[in-house]
Each structure stands twice: as structure tokens, then as C-alpha cells.
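Asks: My questions all concern the structure below.
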Amino acid sequence: PFEPSKIINSQFLDEKPALTREEAMTYNTNHLAALTQQNAGYHQFGLNMTRGFEKGGMVFSTNYRNEKGILRNNNLEKFSGRFNLNFSPLKSVTFGVNTNLLYLKNTGVQTGNGKGLGGWDNWPAMMPFFKLYDPNSATGYWAANSGFNALAFSDPKLIRNDLNEYRTITNAFVQWDTPIKGLSLRSEGGVDFIVNNSSYWRSIFLDANAPFNNEASELSVTEQTFNYNGFLTYNRAFGEHAVNITAGAEATRKSSYVRSVSGNSVTSGYPELIN
């Protein structure tokens with residue numbers, strides 16, 4: 001016969017609430033609806049401007065996107081911008097600058113990590129008689145640290161998994177068409193600068209192992225890539241024949257810096273992170 005207590009005792013990580021067969025038969029929990037948010041969607045705004053003038057032109061564009069994911073409390077905010085300028089102060093000289101900016105903010109839950117860590121992986125293991133809420137629990141959730149309440153593992157009051165990314169890619173060039181017909185010199189330089197900051201925090205109420213502690217971690221990664229090059233090009237036609245010669249040099253320099261910290265039983269001055 002169907003015995004919910006046997007399933008709970010063998011599967012749940014720590015908290016194993018009593019549940020009779022008769023009581024279990026009265027529940028039909030929609031765990032998929034609990035995992036997802038009905039107002040999933042996005043808002044997006046963009047602006048583009050162009051300007052041409054006698055000796056050059058420029059383009060500016062920006063875009064903002066605020067997206068709510070299908071998973072509850074799984075959201076993405078994105079801002080990007082681009083600026084492009086080309087200018088010829090002299091007939092033989094042209095220079096240009098191209099800059100791209102990006103900001104990402106992702107807040108959500110861990111997923112793909114198995115039982116007890118939130119996300120889609122929890123859903124197939126959810127029985128319809130597993131409840132979601134318990135008004136007598138300190139968290140308000142039924143068996144919050146059992147590993148089988150995905151709703152508890154998506155509540156930002158109990159767990160956070162955030163990422164902020166800042167990135168800029170800038171390239172600049174200058175080209176000189178020398179007095180020698182067909183001979184030009186071009187030099188370019190570029191930088192790719194990225195900062196990734198990620199933070200994780202899990203409340204004591206979601207810990208399934210004694211002595212039941214909260215845990216937190218921070219990771220910051222800064223990367224810089226510099227590219228330089230210079231090329232001399234000779235391109236000229238002589239009657240039915242053409243000559244094209246290119247000579248140059250290129251260099252790349254990359255560096256990174258990583259800071260990380262993690263711990264448990266972490267105290268905090270923020271009320272939402274007390275437990």
C-alpha cells in the first residue's frame with residue numbers, strides 16, 4: 001500500500017515531517033506552478049542616433065532590457081551602449097574610435113545541481129502530496145531544508161545567487177596615406193575590460209546537515225586584454241599588373257585578478273541576511 005512516510009523518510013535530507021496516507025490523499029500540489037512565475041516577460045527600450053558631417057560621422061546607440069525569467073525570482077537586467085566615431089582632420093589622415101559598454105545584473109536560483117539546490121532539477125522529484133507551506137514553520141514553508149521544497153529554495157529571504165558584470169570593449173585606429181602613392185600606414189589599439197562579481201548566501205533554515213549553519217561566498221574576477229598592431233601596406237597597379245605588400249606587427253597582453261572569500265556561520269548587519 002501507498003505509505004508517504006516511507007518515501008519521506010528515505011528521500012528527505014533532514015526535516016521529515018509526519019504525513020499519513022489519508023492526509024496525503026487530500027493534496028494535489030502543482031509544483032510546476034510554484035516553481036514558475038506567471039508574469040514572465042521582458043521590457044526593452046532602445047535609442048539610436050547618427051550624425052554625419054563633412055569630414056566624418058558618428059553613431060550612438062543604447063539599449064535597456066529588464067527580463068523576468070520563467071523560474072520564480074530568476075531575473076535579468078541588461079544595459080548596453082555603443083559609440084562609433086570616424087573623422088578625417090586631413091585629407092591623408094583618418095582616425096576612428098569604437099566603444100561598447102555592457103552591464104548585466106542577474107538574480108536567481110541555482111539550477112542543474114540536483115536535489116535541494118533549487119531550479120528545474122527539483123521538479124521531477126516532487127510528489128503531488130508534498131506540501132509547500134506550513135504556518136507553524138519558522139520559514140513559513142513545509143520541510144524547507146528537506147531538499148524537496150523548490151519554492152523555499154527560490155525565496156530571496158532564504159537564498160541568494162547574484163551576478164553583476166561590467167564590460168567595455170574599446171578600439172581605436174589611425175591611418176596615414178603617405179605622400180608615396182599606394183603606401184599607407186595604419187595602427188590600431190584595443191582594450192577589453194571585464195569585471196565579474198558574484199555572491200551567494202544560504203540561510204541556516206535551508207541547511208540539511210547539523211549543526212545547521214548559514215553559508216556565504218563572494219567571487220570577483222577582473223580581466224584585462226590589450227591588443228596593439230601596426231601595418232604598412234603598399235598597394236598599387238602598374239598597367240595590367242598589381243602589387244600588394246603588407247608588413248606589420250601585433251602584440252597582445254592579458255592579465256587577470258581574482259578575489260574570493262567564503263564562510264559559514266556568517267553574521268551580518270543586514271536584516272534580510274540575519275539567519
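Letters A, B, ... mark the chains of the C-alpha cells in the order given; residue numbers begin at 1 per chain; ligand numbers begin at 1, in order shown.
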Contacts of Thr225 of chain A at 10 Å or less, counting only C-alpha atoms, minus same-chain residues fewer than 5 places along, as a list of chain:residue names?
Replies: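 The contact residues come out as A:Ile169, A:Gly190, A:Val191, A:Asp192, A:Phe193, A:Ile194, A:Thr252, A:Arg253, A:Lys254, A:Ser255, A:Ser256.
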Asks: Please write the residues from the selection above to a file, keeping N, CA and C atoms, as an mmCIF file, in the first residue's frame.
Replies:
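What follows is the written file again10.cif:
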```cif
data_model
loop_
_atom_site.group_PDB
_atom_site.id
_atom_site.type_symbol
_atom_site.label_atom_id
_atom_site.label_comp_id
_atom_site.auth_asym_id
_atom_site.auth_seq_id
_atom_site.Cartn_x
_atom_site.Cartn_y
_atom_site.Cartn_z
ATOM 1 N N ILE A 169 34.555 47.289 -24.267
ATOM 2 C CA ILE A 169 35.478 46.947 -25.352
ATOM 3 C C ILE A 169 35.667 48.208 -26.183
ATOM 4 N N GLY A 190 43.431 48.332 -28.850
ATOM 5 C CA GLY A 190 42.143 47.984 -28.262
ATOM 6 C C GLY A 190 42.281 47.421 -26.861
ATOM 7 N N VAL A 191 41.214 47.546 -26.087
ATOM 8 C CA VAL A 191 41.213 47.023 -24.729
ATOM 9 C C VAL A 191 39.865 46.366 -24.458
ATOM 10 N N ASP A 192 39.909 45.238 -23.803
ATOM 11 C CA ASP A 192 38.713 44.518 -23.360
ATOM 12 C C ASP A 192 38.819 44.384 -21.846
ATOM 13 N N PHE A 193 37.921 45.063 -21.130
ATOM 14 C CA PHE A 193 37.990 45.121 -19.666
ATOM 15 C C PHE A 193 36.700 44.532 -19.092
ATOM 16 N N ILE A 194 36.830 43.516 -18.234
ATOM 17 C CA ILE A 194 35.678 42.811 -17.671
ATOM 18 C C ILE A 194 35.822 42.719 -16.154
ATOM 19 N N THR A 252 49.678 41.174 -27.965
ATOM 20 C CA THR A 252 48.545 41.030 -27.051
ATOM 21 C C THR A 252 49.061 40.843 -25.638
ATOM 22 N N ARG A 253 48.451 41.533 -24.713
ATOM 23 C CA ARG A 253 48.826 41.384 -23.306
ATOM 24 C C ARG A 253 47.556 41.186 -22.488
ATOM 25 N N LYS A 254 47.548 40.164 -21.642
ATOM 26 C CA LYS A 254 46.357 39.838 -20.867
ATOM 27 C C LYS A 254 46.727 39.628 -19.407
ATOM 28 N N SER A 255 45.867 40.128 -18.537
ATOM 29 C CA SER A 255 46.089 39.944 -17.099
ATOM 30 C C SER A 255 44.741 39.757 -16.421
ATOM 31 N N SER A 256 44.769 39.125 -15.270
ATOM 32 C CA SER A 256 43.534 38.902 -14.514
ATOM 33 C C SER A 256 43.835 38.914 -13.028
#
```
Asks: What are the DSSP strand (DSSP E) residues of segment 3-232 of chain A, as an mmCIF file with N, CA and C atoms, in the first residue's frame?
Replies:
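Wrote it out as part_1.cif, contents follow:
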```cif
data_model
loop_
_atom_site.group_PDB
_atom_site.id
_atom_site.type_symbol
_atom_site.label_atom_id
_atom_site.label_comp_id
_atom_site.auth_asym_id
_atom_site.auth_seq_id
_atom_site.Cartn_x
_atom_site.Cartn_y
_atom_site.Cartn_z
ATOM 1 N N GLY A 41 8.335 37.678 -18.636
ATOM 2 C CA GLY A 41 8.351 38.504 -19.835
ATOM 3 C C GLY A 41 9.449 39.534 -19.719
ATOM 4 N N TYR A 42 9.452 40.495 -20.607
ATOM 5 C CA TYR A 42 10.517 41.494 -20.565
ATOM 6 C C TYR A 42 10.012 42.830 -21.098
ATOM 7 N N HIS A 43 10.732 43.876 -20.681
ATOM 8 C CA HIS A 43 10.541 45.217 -21.216
ATOM 9 C C HIS A 43 11.873 45.660 -21.818
ATOM 10 N N GLN A 44 11.808 46.259 -22.964
ATOM 11 C CA GLN A 44 13.034 46.664 -23.647
ATOM 12 C C GLN A 44 12.857 48.043 -24.262
ATOM 13 N N PHE A 45 13.903 48.879 -24.103
ATOM 14 C CA PHE A 45 13.898 50.226 -24.651
ATOM 15 C C PHE A 45 15.221 50.467 -25.370
ATOM 16 N N GLY A 46 15.155 51.133 -26.496
ATOM 17 C CA GLY A 46 16.364 51.402 -27.266
ATOM 18 C C GLY A 46 16.367 52.796 -27.847
ATOM 19 N N LEU A 47 17.560 53.326 -28.071
ATOM 20 C CA LEU A 47 17.732 54.648 -28.659
ATOM 21 C C LEU A 47 18.919 54.609 -29.612
ATOM 22 N N ASN A 48 18.728 55.109 -30.830
ATOM 23 C CA ASN A 48 19.789 55.155 -31.830
ATOM 24 C C ASN A 48 19.878 56.564 -32.414
ATOM 25 N N MET A 49 21.105 57.044 -32.544
ATOM 26 C CA MET A 49 21.322 58.364 -33.137
ATOM 27 C C MET A 49 22.525 58.297 -34.072
ATOM 28 N N THR A 50 22.413 58.940 -35.208
ATOM 29 C CA THR A 50 23.522 59.037 -36.154
ATOM 30 C C THR A 50 23.708 60.498 -36.559
ATOM 31 N N ARG A 51 24.939 60.823 -36.863
ATOM 32 C CA ARG A 51 25.243 62.196 -37.284
ATOM 33 C C ARG A 51 26.398 62.146 -38.286
ATOM 34 N N GLY A 52 26.161 62.700 -39.442
ATOM 35 C CA GLY A 52 27.212 62.795 -40.438
ATOM 36 C C GLY A 52 27.629 64.235 -40.647
ATOM 37 N N PHE A 53 28.893 64.453 -40.921
ATOM 38 C CA PHE A 53 29.384 65.796 -41.196
ATOM 39 C C PHE A 53 30.438 65.713 -42.290
ATOM 40 N N GLY A 56 33.474 63.331 -41.507
ATOM 41 C CA GLY A 56 33.328 62.100 -40.747
ATOM 42 C C GLY A 56 31.888 61.847 -40.356
ATOM 43 N N GLY A 57 31.727 61.058 -39.348
ATOM 44 C CA GLY A 57 30.398 60.733 -38.866
ATOM 45 C C GLY A 57 30.484 59.994 -37.550
ATOM 46 N N MET A 58 29.343 59.902 -36.874
ATOM 47 C CA MET A 58 29.320 59.174 -35.608
ATOM 48 C C MET A 58 27.961 58.510 -35.419
ATOM 49 N N VAL A 59 27.994 57.451 -34.625
ATOM 50 C CA VAL A 59 26.796 56.664 -34.322
ATOM 51 C C VAL A 59 26.768 56.411 -32.819
ATOM 52 N N PHE A 60 25.592 56.596 -32.229
ATOM 53 C CA PHE A 60 25.407 56.302 -30.803
ATOM 54 C C PHE A 60 24.133 55.476 -30.636
ATOM 55 N N SER A 61 24.212 54.400 -29.874
ATOM 56 C CA SER A 61 23.034 53.580 -29.608
ATOM 57 C C SER A 61 23.088 53.068 -28.175
ATOM 58 N N THR A 62 21.927 52.894 -27.590
ATOM 59 C CA THR A 62 21.838 52.357 -26.236
ATOM 60 C C THR A 62 20.594 51.488 -26.132
ATOM 61 N N ASN A 63 20.653 50.495 -25.251
ATOM 62 C CA ASN A 63 19.541 49.562 -25.112
ATOM 63 C C ASN A 63 19.433 49.126 -23.658
ATOM 64 N N TYR A 64 18.194 49.073 -23.168
ATOM 65 C CA TYR A 64 17.937 48.605 -21.809
ATOM 66 C C TYR A 64 16.901 47.485 -21.873
ATOM 67 N N ARG A 65 17.150 46.407 -21.145
ATOM 68 C CA ARG A 65 16.241 45.260 -21.128
ATOM 69 C C ARG A 65 16.091 44.756 -19.697
ATOM 70 N N ASN A 66 14.855 44.592 -19.270
ATOM 71 C CA ASN A 66 14.539 44.060 -17.943
ATOM 72 C C ASN A 66 13.683 42.814 -18.156
ATOM 73 N N GLU A 67 14.221 41.672 -17.777
ATOM 74 C CA GLU A 67 13.579 40.402 -18.098
ATOM 75 C C GLU A 67 13.291 39.591 -16.840
ATOM 76 N N LYS A 68 12.066 39.102 -16.755
ATOM 77 C CA LYS A 68 11.687 38.175 -15.696
ATOM 78 C C LYS A 68 11.681 36.772 -16.283
ATOM 79 N N ASN A 75 15.728 36.692 -12.508
ATOM 80 C CA ASN A 75 15.559 37.879 -13.331
ATOM 81 C C ASN A 75 16.887 38.357 -13.915
ATOM 82 N N LEU A 76 16.781 39.080 -15.012
ATOM 83 C CA LEU A 76 17.966 39.598 -15.693
ATOM 84 C C LEU A 76 17.728 41.051 -16.073
ATOM 85 N N GLU A 77 18.722 41.883 -15.775
ATOM 86 C CA GLU A 77 18.695 43.285 -16.167
ATOM 87 C C GLU A 77 19.939 43.564 -17.003
ATOM 88 N N LYS A 78 19.762 44.218 -18.144
ATOM 89 C CA LYS A 78 20.876 44.428 -19.069
ATOM 90 C C LYS A 78 20.838 45.839 -19.631
ATOM 91 N N PHE A 79 21.996 46.478 -19.627
ATOM 92 C CA PHE A 79 22.152 47.792 -20.249
ATOM 93 C C PHE A 79 23.365 47.741 -21.165
ATOM 94 N N SER A 80 23.214 48.207 -22.391
ATOM 95 C CA SER A 80 24.335 48.227 -23.326
ATOM 96 C C SER A 80 24.358 49.551 -24.080
ATOM 97 N N GLY A 81 25.537 49.937 -24.484
ATOM 98 C CA GLY A 81 25.693 51.174 -25.233
ATOM 99 C C GLY A 81 26.835 51.053 -26.230
ATOM 100 N N ARG A 82 26.746 51.800 -27.296
ATOM 101 C CA ARG A 82 27.779 51.765 -28.333
ATOM 102 C C ARG A 82 27.994 53.162 -28.894
ATOM 103 N N PHE A 83 29.270 53.484 -29.105
ATOM 104 C CA PHE A 83 29.625 54.782 -29.694
ATOM 105 C C PHE A 83 30.689 54.550 -30.756
ATOM 106 N N ASN A 84 30.471 55.113 -31.935
ATOM 107 C CA ASN A 84 31.398 54.942 -33.044
ATOM 108 C C ASN A 84 31.654 56.299 -33.697
ATOM 109 N N LEU A 85 32.933 56.640 -33.880
ATOM 110 C CA LEU A 85 33.312 57.921 -34.476
ATOM 111 C C LEU A 85 34.400 57.700 -35.513
ATOM 112 N N ASN A 86 34.209 58.277 -36.680
ATOM 113 C CA ASN A 86 35.229 58.313 -37.727
ATOM 114 C C ASN A 86 35.428 59.761 -38.149
ATOM 115 N N PHE A 87 36.710 60.177 -38.283
ATOM 116 C CA PHE A 87 36.998 61.581 -38.549
ATOM 117 C C PHE A 87 38.287 61.689 -39.358
ATOM 118 N N SER A 88 38.271 62.579 -40.315
ATOM 119 C CA SER A 88 39.457 62.829 -41.147
ATOM 120 C C SER A 88 39.838 64.300 -41.030
ATOM 121 N N PRO A 89 40.718 64.638 -40.093
ATOM 122 C CA PRO A 89 41.114 66.047 -39.934
ATOM 123 C C PRO A 89 41.924 66.557 -41.121
ATOM 124 N N LEU A 90 42.622 65.619 -41.810
ATOM 125 C CA LEU A 90 43.380 65.952 -43.010
ATOM 126 C C LEU A 90 42.997 64.979 -44.116
ATOM 127 N N VAL A 93 44.788 61.710 -43.494
ATOM 128 C CA VAL A 93 44.751 61.105 -42.155
ATOM 129 C C VAL A 93 43.302 60.817 -41.754
ATOM 130 N N THR A 94 43.067 59.596 -41.269
ATOM 131 C CA THR A 94 41.754 59.186 -40.776
ATOM 132 C C THR A 94 41.934 58.470 -39.444
ATOM 133 N N PHE A 95 41.097 58.806 -38.506
ATOM 134 C CA PHE A 95 41.125 58.038 -37.258
ATOM 135 C C PHE A 95 39.694 57.730 -36.828
ATOM 136 N N GLY A 96 39.576 56.716 -35.975
ATOM 137 C CA GLY A 96 38.252 56.303 -35.524
ATOM 138 C C GLY A 96 38.307 55.665 -34.151
ATOM 139 N N VAL A 97 37.183 55.704 -33.464
ATOM 140 C CA VAL A 97 37.045 55.108 -32.127
ATOM 141 C C VAL A 97 35.726 54.346 -32.086
ATOM 142 N N ASN A 98 35.778 53.153 -31.527
ATOM 143 C CA ASN A 98 34.585 52.323 -31.381
ATOM 144 C C ASN A 98 34.543 51.807 -29.944
ATOM 145 N N THR A 99 33.499 52.160 -29.207
ATOM 146 C CA THR A 99 33.392 51.772 -27.805
ATOM 147 C C THR A 99 32.067 51.058 -27.556
ATOM 148 N N ASN A 100 32.141 49.920 -26.855
ATOM 149 C CA ASN A 100 30.954 49.169 -26.455
ATOM 150 C C ASN A 100 30.941 49.022 -24.933
ATOM 151 N N LEU A 101 29.795 49.284 -24.330
ATOM 152 C CA LEU A 101 29.626 49.165 -22.881
ATOM 153 C C LEU A 101 28.528 48.161 -22.591
ATOM 154 N N LEU A 102 28.721 47.384 -21.519
ATOM 155 C CA LEU A 102 27.726 46.377 -21.149
ATOM 156 C C LEU A 102 27.643 46.254 -19.636
ATOM 157 N N TYR A 103 26.410 46.217 -19.143
ATOM 158 C CA TYR A 103 26.172 45.950 -17.726
ATOM 159 C C TYR A 103 25.095 44.871 -17.619
ATOM 160 N N LEU A 104 25.378 43.829 -16.836
ATOM 161 C CA LEU A 104 24.430 42.743 -16.611
ATOM 162 C C LEU A 104 24.212 42.556 -15.120
ATOM 163 N N LYS A 105 22.972 42.364 -14.747
ATOM 164 C CA LYS A 105 22.643 42.033 -13.365
ATOM 165 C C LYS A 105 21.688 40.847 -13.382
ATOM 166 N N ASN A 106 22.157 39.725 -12.850
ATOM 167 C CA ASN A 106 21.344 38.517 -12.827
ATOM 168 C C ASN A 106 21.069 38.105 -11.386
ATOM 169 N N THR A 107 19.806 37.951 -11.055
ATOM 170 C CA THR A 107 19.418 37.465 -9.735
ATOM 171 C C THR A 107 18.574 36.219 -9.939
ATOM 172 N N GLY A 108 18.880 35.187 -9.182
ATOM 173 C CA GLY A 108 18.125 33.961 -9.387
ATOM 174 C C GLY A 108 18.521 32.854 -8.451
ATOM 175 N N ILE A 159 17.696 32.472 0.327
ATOM 176 C CA ILE A 159 18.850 32.126 -0.502
ATOM 177 C C ILE A 159 19.026 33.170 -1.592
ATOM 178 N N ARG A 160 20.279 33.491 -1.904
ATOM 179 C CA ARG A 160 20.580 34.453 -2.957
ATOM 180 C C ARG A 160 21.729 33.936 -3.808
ATOM 181 N N ASN A 161 21.597 34.190 -5.083
ATOM 182 C CA ASN A 161 22.635 33.795 -6.030
ATOM 183 C C ASN A 161 22.674 34.869 -7.117
ATOM 184 N N ASP A 162 23.527 35.862 -6.940
ATOM 185 C CA ASP A 162 23.517 37.063 -7.780
ATOM 186 C C ASP A 162 24.820 37.214 -8.558
ATOM 187 N N LEU A 163 24.707 37.839 -9.705
ATOM 188 C CA LEU A 163 25.880 38.103 -10.543
ATOM 189 C C LEU A 163 25.753 39.484 -11.161
ATOM 190 N N ASN A 164 26.840 40.267 -11.075
ATOM 191 C CA ASN A 164 26.946 41.562 -11.750
ATOM 192 C C ASN A 164 28.151 41.514 -12.679
ATOM 193 N N GLU A 165 27.958 41.969 -13.893
ATOM 194 C CA GLU A 165 29.067 42.001 -14.846
ATOM 195 C C GLU A 165 29.157 43.382 -15.480
ATOM 196 N N TYR A 166 30.368 43.906 -15.532
ATOM 197 C CA TYR A 166 30.661 45.184 -16.184
ATOM 198 C C TYR A 166 31.705 44.913 -17.265
ATOM 199 N N ARG A 167 31.455 45.410 -18.464
ATOM 200 C CA ARG A 167 32.411 45.141 -19.543
ATOM 201 C C ARG A 167 32.460 46.319 -20.507
ATOM 202 N N THR A 168 33.650 46.612 -20.965
ATOM 203 C CA THR A 168 33.831 47.617 -22.004
ATOM 204 C C THR A 168 34.864 47.115 -23.000
ATOM 205 N N ILE A 169 34.555 47.289 -24.267
ATOM 206 C CA ILE A 169 35.478 46.947 -25.352
ATOM 207 C C ILE A 169 35.667 48.208 -26.183
ATOM 208 N N THR A 170 36.903 48.674 -26.266
ATOM 209 C CA THR A 170 37.202 49.908 -26.987
ATOM 210 C C THR A 170 38.336 49.672 -27.976
ATOM 211 N N ASN A 171 38.149 50.127 -29.177
ATOM 212 C CA ASN A 171 39.182 50.039 -30.211
ATOM 213 C C ASN A 171 39.347 51.410 -30.859
ATOM 214 N N ALA A 172 40.579 51.732 -31.200
ATOM 215 C CA ALA A 172 40.878 52.992 -31.874
ATOM 216 C C ALA A 172 41.914 52.736 -32.974
ATOM 217 N N PHE A 173 41.822 53.505 -34.042
ATOM 218 C CA PHE A 173 42.786 53.344 -35.131
ATOM 219 C C PHE A 173 43.130 54.709 -35.714
ATOM 220 N N VAL A 174 44.281 54.754 -36.357
ATOM 221 C CA VAL A 174 44.672 55.928 -37.129
ATOM 222 C C VAL A 174 45.365 55.430 -38.397
ATOM 223 N N GLN A 175 45.032 56.046 -39.507
ATOM 224 C CA GLN A 175 45.621 55.645 -40.785
ATOM 225 C C GLN A 175 46.163 56.872 -41.505
ATOM 226 N N TRP A 176 47.370 56.708 -42.033
ATOM 227 C CA TRP A 176 48.026 57.796 -42.763
ATOM 228 C C TRP A 176 48.348 57.317 -44.167
ATOM 229 N N ASP A 177 47.791 58.004 -45.130
ATOM 230 C CA ASP A 177 48.142 57.744 -46.529
ATOM 231 C C ASP A 177 49.340 58.618 -46.878
ATOM 232 N N LEU A 183 51.078 53.826 -50.703
ATOM 233 C CA LEU A 183 51.685 53.418 -49.431
ATOM 234 C C LEU A 183 50.918 54.045 -48.268
ATOM 235 N N SER A 184 50.454 53.216 -47.343
ATOM 236 C CA SER A 184 49.719 53.717 -46.177
ATOM 237 C C SER A 184 50.203 53.021 -44.911
ATOM 238 N N LEU A 185 50.031 53.716 -43.822
ATOM 239 C CA LEU A 185 50.413 53.195 -42.506
ATOM 240 C C LEU A 185 49.181 53.229 -41.614
ATOM 241 N N ARG A 186 48.902 52.105 -40.973
ATOM 242 C CA ARG A 186 47.723 52.013 -40.093
ATOM 243 C C ARG A 186 48.133 51.374 -38.766
ATOM 244 N N SER A 187 47.649 51.966 -37.697
ATOM 245 C CA SER A 187 47.922 51.435 -36.355
ATOM 246 C C SER A 187 46.614 51.349 -35.581
ATOM 247 N N GLU A 188 46.459 50.275 -34.804
ATOM 248 C CA GLU A 188 45.245 50.054 -34.027
ATOM 249 C C GLU A 188 45.602 49.650 -32.604
ATOM 250 N N GLY A 189 44.716 50.009 -31.695
ATOM 251 C CA GLY A 189 44.868 49.600 -30.298
ATOM 252 C C GLY A 189 43.497 49.315 -29.707
ATOM 253 N N GLY A 190 43.431 48.332 -28.850
ATOM 254 C CA GLY A 190 42.143 47.984 -28.262
ATOM 255 C C GLY A 190 42.281 47.421 -26.861
ATOM 256 N N VAL A 191 41.214 47.546 -26.087
ATOM 257 C CA VAL A 191 41.213 47.023 -24.729
ATOM 258 C C VAL A 191 39.865 46.366 -24.458
ATOM 259 N N ASP A 192 39.909 45.238 -23.803
ATOM 260 C CA ASP A 192 38.713 44.518 -23.360
ATOM 261 C C ASP A 192 38.819 44.384 -21.846
ATOM 262 N N PHE A 193 37.921 45.063 -21.130
ATOM 263 C CA PHE A 193 37.990 45.121 -19.666
ATOM 264 C C PHE A 193 36.700 44.532 -19.092
ATOM 265 N N ILE A 194 36.830 43.516 -18.234
ATOM 266 C CA ILE A 194 35.678 42.811 -17.671
ATOM 267 C C ILE A 194 35.822 42.719 -16.154
ATOM 268 N N VAL A 195 34.722 42.990 -15.463
ATOM 269 C CA VAL A 195 34.648 42.769 -14.020
ATOM 270 C C VAL A 195 33.406 41.931 -13.733
ATOM 271 N N ASN A 196 33.610 40.772 -13.138
ATOM 272 C CA ASN A 196 32.505 39.892 -12.742
ATOM 273 C C ASN A 196 32.460 39.790 -11.224
ATOM 274 N N ASN A 197 31.331 40.131 -10.638
ATOM 275 C CA ASN A 197 31.135 39.999 -9.198
ATOM 276 C C ASN A 197 29.958 39.060 -8.941
ATOM 277 N N SER A 198 30.209 37.967 -8.237
ATOM 278 C CA SER A 198 29.133 37.032 -7.917
ATOM 279 C C SER A 198 29.062 36.851 -6.408
ATOM 280 N N SER A 199 27.854 36.684 -5.907
ATOM 281 C CA SER A 199 27.654 36.498 -4.470
ATOM 282 C C SER A 199 26.607 35.415 -4.241
ATOM 283 N N TYR A 200 26.820 34.670 -3.174
ATOM 284 C CA TYR A 200 25.924 33.570 -2.830
ATOM 285 C C TYR A 200 25.714 33.579 -1.322
ATOM 286 N N TRP A 201 24.488 33.352 -0.920
ATOM 287 C CA TRP A 201 24.170 33.261 0.501
ATOM 288 C C TRP A 201 23.017 32.281 0.686
ATOM 289 N N ARG A 202 23.129 31.414 1.697
ATOM 290 C CA ARG A 202 22.073 30.468 2.012
ATOM 291 C C ARG A 202 21.791 30.510 3.498
ATOM 292 N N GLU A 215 25.641 29.929 5.122
ATOM 293 C CA GLU A 215 26.900 29.980 4.377
ATOM 294 C C GLU A 215 26.826 31.094 3.344
ATOM 295 N N ALA A 216 27.991 31.642 3.015
ATOM 296 C CA ALA A 216 28.054 32.745 2.060
ATOM 297 C C ALA A 216 29.393 32.716 1.334
ATOM 298 N N SER A 217 29.402 33.237 0.121
ATOM 299 C CA SER A 217 30.645 33.328 -0.643
ATOM 300 C C SER A 217 30.579 34.531 -1.576
ATOM 301 N N GLU A 218 31.741 35.076 -1.856
ATOM 302 C CA GLU A 218 31.880 36.190 -2.786
ATOM 303 C C GLU A 218 33.036 35.882 -3.734
ATOM 304 N N LEU A 219 32.846 36.200 -4.997
ATOM 305 C CA LEU A 219 33.888 35.992 -6.006
ATOM 306 C C LEU A 219 33.924 37.190 -6.936
ATOM 307 N N SER A 220 35.111 37.750 -7.109
ATOM 308 C CA SER A 220 35.289 38.876 -8.019
ATOM 309 C C SER A 220 36.451 38.571 -8.969
ATOM 310 N N VAL A 221 36.181 38.672 -10.254
ATOM 311 C CA VAL A 221 37.191 38.393 -11.278
ATOM 312 C C VAL A 221 37.323 39.611 -12.178
ATOM 313 N N THR A 222 38.546 40.126 -12.301
ATOM 314 C CA THR A 222 38.833 41.256 -13.175
ATOM 315 C C THR A 222 39.803 40.801 -14.263
ATOM 316 N N GLU A 223 39.445 41.015 -15.510
ATOM 317 C CA GLU A 223 40.289 40.625 -16.631
ATOM 318 C C GLU A 223 40.516 41.810 -17.559
ATOM 319 N N GLN A 224 41.741 41.930 -18.046
ATOM 320 C CA GLN A 224 42.100 42.994 -18.977
ATOM 321 C C GLN A 224 42.871 42.397 -20.147
ATOM 322 N N THR A 225 42.476 42.741 -21.334
ATOM 323 C CA THR A 225 43.183 42.294 -22.537
ATOM 324 C C THR A 225 43.490 43.504 -23.407
ATOM 325 N N PHE A 226 44.756 43.668 -23.757
ATOM 326 C CA PHE A 226 45.194 44.779 -24.598
ATOM 327 C C PHE A 226 45.745 44.218 -25.911
ATOM 328 N N ASN A 227 45.340 44.820 -27.014
ATOM 329 C CA ASN A 227 45.843 44.451 -28.333
ATOM 330 C C ASN A 227 46.430 45.675 -29.017
ATOM 331 N N TYR A 228 47.595 45.476 -29.658
ATOM 332 C CA TYR A 228 48.239 46.554 -30.410
ATOM 333 C C TYR A 228 48.695 45.991 -31.743
ATOM 334 N N ASN A 229 48.603 46.788 -32.778
ATOM 335 C CA ASN A 229 49.167 46.370 -34.058
ATOM 336 C C ASN A 229 49.502 47.584 -34.907
ATOM 337 N N GLY A 230 50.375 47.364 -35.845
ATOM 338 C CA GLY A 230 50.754 48.394 -36.805
ATOM 339 C C GLY A 230 51.086 47.735 -38.134
ATOM 340 N N PHE A 231 50.571 48.284 -39.240
ATOM 341 C CA PHE A 231 50.778 47.675 -40.550
ATOM 342 C C PHE A 231 51.148 48.739 -41.579
ATOM 343 N N LEU A 232 52.082 48.372 -42.412
ATOM 344 C CA LEU A 232 52.486 49.193 -43.546
ATOM 345 C C LEU A 232 52.040 48.470 -44.808
#
```
Asks: Between A:Asn213, A:Pro156, A:Asn73, A:Phe130, which is the closest to Asn30 of chain A once you count only C-alpha atoms?
Replies: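 Answer, going by the shortest atom-to-atom distance: A:Phe130.
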Asks: I need the residues of segment 18-250 of chain A that end up classed as alpha helix (DSSP H) by DSSP on the backbone, written out as a list in words.
Replies: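 Of segment 18-250 of chain A, the ones in alpha helix (DSSP H) are Arg21, Glu22, Glu23, Ala24, His31, Leu32, Ala33, Ala34 and Leu35 of chain A.
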Asks: Could you work out how far atom CA of Leu158 of chain A lies from atom CA of Glu15 of chain A, giving the answer in Å with one decimal?
Replies: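 Straight-line distance from atom CA of Glu15 of chain A to atom CA of Leu158 of chain A works out to 16.1 Å.
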Asks: Just to confirm, what's the straight-line distance from atom CA of Ser203 of chain A to atom CA of Asn39 of chain A in Å (one decimal)?
Replies: 26.8 Å
Asks: With only C-alpha atoms as the counted atoms, please give the residues lying no more than 10 Å from Thr26 of chain A, apart from itself and same-chain residues fewer than 5 positions off, as a ChimeraX atom specification.
Replies: /A:21,128-129
Asks: In Å, how far is it from atom CA of Ala210 of chain A to atom CA of Gln11 of chain A?
Replies: 17.2 Å
Asks: With only C-alpha atoms as the counted atoms, please give the residues lying no more than 9 Å from Ser146 of chain A, apart from itself and same-chain residues fewer than 2 positions off, as a ChimeraX atom specification.
Replies: /A:8,11-16,116,142-144,148-149,206-208
Asks: Using only C-alpha atoms, which protein or nucleic acid residues come within 8 Å of Ser5 of chain A? Drop anything in the same chain fewer than 6 positions from it, and give the result as a PyMOL selection string.
Replies: chain A and resi 18-21
Asks: Which is closest to Ala34 of chain A among A:Glu3, A:Asp134, A:Asp155, A:Glu240, if we use only C-alpha atoms?
Replies: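 Checking each candidate against Ala34 of chain A, we get A:Asp155 as the closest.
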Asks: Using only C-alpha atoms, which residue out of A:Leu151, A:Ile7, A:Met127, A:Ala249 lies closest to Gln37 of chain A?
Replies: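 Residue with the minimum atom-to-atom distance to Gln37 of chain A: A:Leu151.
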Asks: A:Pro211, A:Gly263, A:Pro135, A:His31: which is nearest Ala150 of chain A, counting only C-alpha atoms?
Replies: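 Looking only at the distances to Ala150 of chain A, the closest residue turns out to be A:His31.
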